[in-house]
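Engineer: Encoded as structure tokens, here's the structure I'll be asking about.
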Amino acid sequence: MREVTLDNGMRFLILPREGAPTASFVLQFGIGGVHERRGQTGIAHLLEHMLFKGTTTIGTRDLEAELPLFERMDAAHDTILSARAASDSVRVASLLGRIAALEDSARVFVDSNELDRILATAGAQGLNATTTSESTIYFVELPSARAELWFMLEADRLANPVFREFYSERNVVLEERRMRVDSNPGGTLYEQHLAAAFDVHPYGEPVVGHMGDLERMGRDEVRDYYLRYYRPNNAVAAIVGDIDPDRMEDFARRYFGSIPPGDPPPAVTAVEPPQEEERRVEIPWDAEPQLRIGWHVPSALHHDGPVVEVLSTLLTGGRSSRLHRRLVLEERVATSVYSSIGPGRRFPGLLQIDVTPRAPYGPGEVEELVYEEIARLARDGPTPREMERVRNQVAAGGIRRMQSSIGLAFQLAESESLWDDWRETFRGPARLRDITEEDVRRAAEVYLTQANRTVATLRRAAS
Amino acid sequence: MMAGVAVPSVPTSAGGQERPERERIERLSQAPITFDQPDPDRFDVRGVPVLLLEDRDLPLVTVLVGFEGGYGHFPREDYAAATAMPSLLRYGGTSDMDPAAVDAELETYAIQLSFGSGGGAISSTMNTLSEHLEVSMDIWGRMLTDPGFDTDEIDIWRGRQLESVRRRPDDPSTLAFSEFNRLLYGDHPIGWEMDEADLTPEALSRERLERLHRRIVCRDNMLVGVTGDVSWRELRSVMERLLERVPECEAPLPEPPLPDVRREAGVFVIDRKIEQAVVVLAHPTDLPLADDPAYFAATIGNAILGAGGFSSRILSRVRTERGFAYSASSLWTTPRTYPGLLGAVTRTRPETAVSAIEVILETMRELRSQPPTEEEVTTAVDRITNGFVFNFDSPAQIVSRTMFYLAQDLPADWLERYLRGVQAVDARGIGRVFADHLRPDDMTILVVGDAERIGWEALESLGPVSRLDVPEPGPPESGPRGGPVGGVGS
């Protein structure tokens with residue numbers, strides 16, 4: 001592994017591998033949904049989209065002609081906010097029309113999607129990005145011979161982005177929200193469950209953002225947020241594939257070295273107070289029932305962090321897991337049951353269980369059985385055989401993980417960005433060896449209690 | 001500070017940051033790529049082709065097997081059983097091991113297994129540490145050739161399917177695609193969707209499953225591929241032992257029927273009160289996959305129309321320009337023995353659904369009347385030629401592709417022919433193929449969404465509208481332990 005840290009704080013992890021002459025690139029910023037304040041939800045995800053709109057060089061036919069149009073659009077947007085406040089819907093509609101017309105006229109100066117075209121022409125695969133609670137991640141694969149192109153284009157968009165086509169892209173994000181949440185029962189269940197589970201901590205806010213917050217977001221606000229936090233000191237790049245580390249290091253220094261650092265991400269100071277009693281949410285929806293239960297658990301950094309991960313695997317990892325066996329195979333009250341820990345790992349989150357009840361059984365019957373199994377685990381703990389199974393799964397997963405360069409790049413970037421140590425990627429098996437049956441039993445007893453749980457049920461409204 | 005431009009708050013250092021220039025981008029984008037194109041070796045064991053590509057990078061071996069014989073070969077009464085086959089081979093145990101014992105064995109050796117179906121075949125992949133190759137092949141071989149079809153597991157699968165049928169209307173996208181297939185292909189396997197009537201206990205009897213298993217899992221239908229930390233010398237005897245278990249086929253598979261595809265235009269609406277409408281539109285075409293200029297022109301043409309991501313017209317018009325949708329793309333399928341489909345899909349809020357459809361149809365008409373630009377053609381072709389190296393990214397991918405060509409009766413050098421074919425495509429050829437095959441006025445259009453907000457009049461401007469009613473799920477049958485406990489949703 002070649003580790004490079006530039007003067008501006010940007011970190012590169014460069015891992016050469018033999019194989020086909022391809023290279024995988026993952027660039028991770030340590031800023032995501034959890035850093036947003038109320039009223040500004042969705043800004044990180046919107047920025048993720050905006051970073052594909054080009055720069056002072058890429059994506060424009062005439063930058064000088066574009067810019068005055070931006071000013072006029074932004075002025076119209078500011079007026080919309082006050083028109084909305086005055087409930088003047090006619091004025092709002094007219095202003096939205098004006099913005100759309102201005103974007104139409106700006107389009108002649110724009111070379112839309114030029115970044116995508118350049119990279120595709122160079123043979124890139126899988127150009128995309130994702131935003132999570134804690135990170136914004138940009139990734140792509142290229143033929144290794146063209147690696148320098150990545151450095152050039154990525155450094156350019158880090159230093160010189162232009163947020164053109166801002167208002168139409170904001171509309172695209174609204175459509176994405178409609179697709180993932182507003183017209184999707186599972187997405188709505190997920191969002192409302194989190195909102196109920198967290199009173200104070202931003203984990204309870206959706207990464208895609210609230211509709212109202214997105215509609216109010218203007219270009220200046222988004223640009224300012226970008227300029228402050230999406231800086232080299234908050235960035236980790238992992239490069240894995242058939243590459244020469246010396247050349248990659250040289251490119252890193254040459255292209256990224258002169259970009260100045262910025263502020264660290266906003267501090268997340270909110271601390272979720274302990275939950276005192278069970279919370280329940282009912283979501284009426286014209287669909288078959290779904291159930292989600294979540295308990296507050298410590299972060300991955302806490303000494304119980306890995307214990308809770310083992311707990312999650314014991315409960316639903318594989319066919320012989322406690323809940324799958326009881327609910328799906330034996331009692332047949334459900335067709336699937338999954339657990340996960342989220343929405344992020346840096347702060348205390350939730351151990352979440354999602355169950356698809358099997359008709360004619362409903363969420364009520366399913367809940368009863370889930371709590372029975374948890375009580376059993378909290379009383380008797382896991383068997384040595386169960387613990388052995390978890391360790392085997394993790395160990396085998398370790399070797400298999402090496403099969404994919406892009407997969408490895410993701411994990412290295414994540415470990416370095418979240419935990420400041422890429423070696424965390426490989427520490428799983430060793431960490432598990434120290435966890436005992438009693439540790440797991442105690443975690444079930446302490447964390448998976450009634451008072452500590454939030455239950456969300458989606459089903460048809462009673463007629 | 002200029003609006004909308006991110007200017008660093010601190011001046012850049014004297015060395016400056018290297019800005020991209022068109023010429024440098026061009027040069028870097030065309031840096032030459034050389035690579036090996038490894039070819040698997042082929043061996044024939046008891047009449048079964050076995051492909052092998054050695055790769056000593058990690059101590060793992062991957063074995064892939066395919067059996068021609070999906071549900072499309074059989075009558076409807078066998079639909080559920082044929083669909084269940086992969087899952088039951090994995091979970092149903094063997095004749096001498098119950099499901100839990102099989103799972104325990106797989107876990108002990110950390111064997112990774114998957115079973116699936118697709119393209120009219122049943123497939124399975126086994127990944128194991130090379131030190132466990134023999135024992136892995138043994139258990140996997142028994143699962144494939146000597147299944148137990150445990151009755152509890154059959155019931156669990158059945159329950160899952162019944163639940164899935166109940167839930168199909170819950171997701172507008174799933175609903176839209178399944179109803180569209182039904183509209184276009186009718187009572188033909190492509191148009192089939194699992195219904196309660198397909199899932200009776202008789203439809204999943206052990207006798208039926210065993211009969212189908214004998215028809216499908218036999219040597220004449222079989223292909224094997226291997227990659228990883230193993231040589232032929234090391235593999236040969238364990239492969240022979242596996243193939244000894246597989247009998248000869250009693251009879252060839254029945255020929256799949258040819259579908260009668262809907263050709264009349266029409267607009268169909270499934271009224272659902274949801275925040276985003278799903279749109280699917282297409283008409284049948286007769287352009288099969290072949291080493292033929294028209295096929296390659298259609299491939300590049302479809303990429304330009306709407307399958308090439310952001311470089312394509314439909315996505316850039318519907319998403320980038322109008323902000324109507326997050327996703328919008330075209331489709332052009334090219335089956336070799338029956339008609340394919342040419343059309344588009346998108347999702348957008350109800351108020352813009354008809355506008356989005358109009359933009360798509362307009363985009364199609366343009367390409368019918370005027371060939372694409374040289375730049376569009378170059379971008380689409382370059383994407384394929386310059387990304388060619390990614391066809392050799394993993395040995396498993398190479399082996400799997402070679403197996404696919406064998407199964408489909410494609411020439412072994414199909415990939416090279418494909419590359420040559422797309423490189424020879426020009427704008428005129430694309431114009432011709434669209435003029436010959438694309439008929440925007442003949443589309444069957446299906447919209448799943450809030451009809452009132454979409455606007456009945458707006459829909460009628462697209463053509464005569466029919467309303468499709470999707471039946472509500474019926475009362476569930478009683479649970480496995482007797483009557484419902486407390487009733488649904490209690």
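Residues in the structure tokens are numbered from 1 in each chain, the chains being A, B, ... in the order shown, and ligands are numbered from 1 in the order shown.
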Among segment 313-414 of chain A, which residues carry a DSSP assignment of strand (DSSP E), reported as a ChimeraX atom specification?

Structural biologist: /A:334-342,349-357

Engineer: Would you output that residue set with N, CA and C atoms, as a compact mmCIF listing (two decimals), in the first residue's frame?

Structural biologist:
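So result35.txt came out as:
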```
# COMPACT_ATOMS: atom_id res chain seq x y z
N ALA A 334 -43.48 -14.97 8.30
CA ALA A 334 -42.80 -13.95 7.50
C ALA A 334 -42.12 -14.61 6.31
N THR A 335 -41.93 -13.85 5.25
CA THR A 335 -41.18 -14.38 4.11
C THR A 335 -39.74 -13.90 4.10
N SER A 336 -39.44 -12.86 4.84
CA SER A 336 -38.04 -12.44 4.95
C SER A 336 -37.85 -11.61 6.21
N VAL A 337 -36.65 -11.66 6.74
CA VAL A 337 -36.28 -10.82 7.89
C VAL A 337 -34.81 -10.44 7.75
N TYR A 338 -34.54 -9.16 7.84
CA TYR A 338 -33.17 -8.65 7.70
C TYR A 338 -32.84 -7.73 8.86
N SER A 339 -31.59 -7.68 9.24
CA SER A 339 -31.21 -6.66 10.22
C SER A 339 -30.00 -5.90 9.72
N SER A 340 -29.82 -4.72 10.24
CA SER A 340 -28.69 -3.90 9.86
C SER A 340 -28.46 -2.91 10.98
N ILE A 341 -27.30 -2.26 10.92
CA ILE A 341 -27.03 -1.21 11.89
C ILE A 341 -26.86 0.08 11.11
N GLY A 342 -27.59 1.10 11.50
CA GLY A 342 -27.53 2.34 10.75
C GLY A 342 -28.27 3.47 11.42
N GLY A 349 -26.34 4.67 16.69
CA GLY A 349 -27.41 4.50 15.72
C GLY A 349 -28.44 3.50 16.21
N LEU A 350 -28.97 2.73 15.26
CA LEU A 350 -30.00 1.74 15.58
C LEU A 350 -29.61 0.37 15.07
N LEU A 351 -29.96 -0.65 15.82
CA LEU A 351 -30.00 -2.00 15.25
C LEU A 351 -31.42 -2.13 14.71
N GLN A 352 -31.53 -2.32 13.42
CA GLN A 352 -32.81 -2.27 12.74
C GLN A 352 -33.18 -3.64 12.23
N ILE A 353 -34.42 -4.02 12.45
CA ILE A 353 -34.91 -5.30 11.91
C ILE A 353 -36.09 -5.01 10.99
N ASP A 354 -36.01 -5.50 9.76
CA ASP A 354 -37.09 -5.33 8.79
C ASP A 354 -37.73 -6.69 8.52
N VAL A 355 -39.04 -6.76 8.63
CA VAL A 355 -39.73 -8.03 8.42
C VAL A 355 -40.86 -7.86 7.41
N THR A 356 -40.96 -8.83 6.49
CA THR A 356 -42.10 -8.88 5.58
C THR A 356 -43.05 -9.96 6.10
N PRO A 357 -44.18 -9.56 6.71
CA PRO A 357 -45.09 -10.57 7.22
C PRO A 357 -45.70 -11.38 6.08
```

Engineer: Within 9 Å of Arg22 of chain B, counting only C-alpha atoms, which residues show up once you throw out same-chain ones fewer than 3 positions away? Write them as a list in words, please.

Structural biologist: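 After dropping sequence-adjacent residues, the list is Thr57 and Ile58 of chain A; Ile25, Glu26 and Arg27 of chain B.
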
Engineer: Export, as a PDB file, in the first residue's frame, the selected residues with N, CA and C atoms.

Structural biologist:
```pdb
ATOM      1  N   THR A  57     -14.070  24.945 -17.032  1.00  0.00           N
ATOM      2  CA  THR A  57     -13.608  24.477 -18.352  1.00  0.00           C
ATOM      3  C   THR A  57     -14.550  23.436 -18.958  1.00  0.00           C
ATOM      4  N   ILE A  58     -14.937  22.464 -18.163  1.00  0.00           N
ATOM      5  CA  ILE A  58     -15.738  21.330 -18.648  1.00  0.00           C
ATOM      6  C   ILE A  58     -17.221  21.688 -18.592  1.00  0.00           C
TER       7      ILE A  58
ATOM      8  N   ILE B  25      -6.900  16.622 -22.732  1.00  0.00           N
ATOM      9  CA  ILE B  25      -7.947  15.621 -22.437  1.00  0.00           C
ATOM     10  C   ILE B  25      -7.989  14.586 -23.551  1.00  0.00           C
ATOM     11  N   GLU B  26      -7.961  15.088 -24.784  1.00  0.00           N
ATOM     12  CA  GLU B  26      -7.986  14.211 -25.962  1.00  0.00           C
ATOM     13  C   GLU B  26      -6.825  13.205 -25.902  1.00  0.00           C
ATOM     14  N   ARG B  27      -5.648  13.739 -25.608  1.00  0.00           N
ATOM     15  CA  ARG B  27      -4.446  12.891 -25.595  1.00  0.00           C
ATOM     16  C   ARG B  27      -4.541  11.839 -24.484  1.00  0.00           C
TER      17      ARG B  27
END
```

Engineer: Quick one, how far is atom CA of Val108 of chain A from atom CA of Met50 of chain A?

Structural biologist: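 Interatomic distance here is 18.7 Å.
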
Engineer: List as a tab-separated table (two decimals) with C-alpha atoms, in the first residue's frame the protein and nucleic acid residues near Leu329 of chain A, meaning an atom at most 12 Å away when only C-alpha atoms are counted, but skip any in the same chain fewer than 4 places from it.

Structural biologist:
```
chain	number	residue	atom	x	y	z
A	318	GLY	CA	-28.18	-16.71	7.07
A	319	ARG	CA	-30.72	-19.48	7.21
A	320	SER	CA	-29.76	-20.82	10.60
A	321	SER	CA	-29.96	-17.40	12.25
A	322	ARG	CA	-32.40	-17.03	15.13
A	323	LEU	CA	-35.07	-14.90	13.50
A	324	HIS	CA	-34.91	-16.41	10.02
A	325	ARG	CA	-35.24	-19.89	11.43
A	333	VAL	CA	-45.24	-15.84	9.73
A	334	ALA	CA	-42.80	-13.95	7.50
A	335	THR	CA	-41.18	-14.38	4.11
A	336	SER	CA	-38.04	-12.44	4.95
A	337	VAL	CA	-36.28	-10.82	7.89
A	358	ARG	CA	-46.67	-13.47	5.39
B	91	TYR	CA	-32.57	-25.33	-0.05
B	99	PRO	CA	-31.76	-29.04	4.51
B	100	ALA	CA	-30.20	-28.16	7.85
B	151	THR	CA	-41.74	-30.79	1.59
B	152	ASP	CA	-41.34	-28.10	4.25
B	153	GLU	CA	-39.03	-26.18	1.96
B	154	ILE	CA	-41.48	-26.49	-0.92
B	155	ASP	CA	-44.15	-25.03	1.31
B	156	ILE	CA	-41.90	-22.19	2.38
B	157	TRP	CA	-41.10	-21.34	-1.24
B	159	GLY	CA	-45.65	-19.18	0.76
B	160	ARG	CA	-43.02	-16.72	-0.36
B	480	PRO	CA	-49.92	-23.64	8.01
```

Engineer: Within 12 Å of Glu240 of chain B, counting only C-alpha atoms, which residues qualify if same-chain residues fewer than 2 places away don't, as a list in words?

Structural biologist: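 Final neighbour list, sorted by chain and number: Phe43, Asp44, Val45, Arg46, Gly47, Val48, Pro49, Val50, Glu134, Met137, Asp138, Gly141, Val224, Trp232, Arg233, Glu234, Leu235, Arg236, Ser237, Val238, Leu242, Leu243, Glu244, Arg245 and Val246 of chain B.
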
Engineer: Which polymer residues have any atom within 8 Å of an atom of Glu248 of chain B, counting only C-alpha atoms, with same-chain residues fewer than 2 positions away left out, as a PyMOL selection string?

Structural biologist: chain B and resi 218-220+246+250

Engineer: Give me the residues of segment 404-452 of chain A that have any atom at most 7 Å from an atom of segment 301-307 of chain A; for each, the nearest atom pair and the distance in Å, rounded to one decimal. Use only C-alpha atoms, sort by chain and number, and format it as CSV.

Structural biologist:
```
residue,atom,partner,partner_atom,distance
A:Ile435,CA,A:Val307,CA,6.7
A:Asp439,CA,A:Val307,CA,6.8
A:Val440,CA,A:Val307,CA,6.0
```

Engineer: Could you save those same residues with C-alpha atoms as a compact mmCIF listing (two decimals), in the first residue's frame?

Structural biologist:
```txt
# COMPACT_ATOMS: atom_id res chain seq x y z
CA ILE A 435 -15.97 -11.38 21.66
CA ASP A 439 -20.70 -10.27 25.66
CA VAL A 440 -23.43 -10.99 23.14
```

Engineer: Using DSSP on the backbone coordinates, identify all residues within segment 43-206 of chain A classified as alpha helix (DSSP H); present the result as a PyMOL selection string.

Structural biologist: chain A and resi 43-50+63-85+89-106+114-121+147-159+166-177+185-197

Engineer: With a distance cut-off of 12 Å and only C-alpha atoms, select the neighbouring residues of Glu414 of chain A, excluding the residue or stretch itself and same-chain residues fewer than 2 positions from it, and output the selection as a PyMOL selection string.

Structural biologist: chain A and resi 13+26-30+132+134-138+235-238+344-346+407-412+416-425
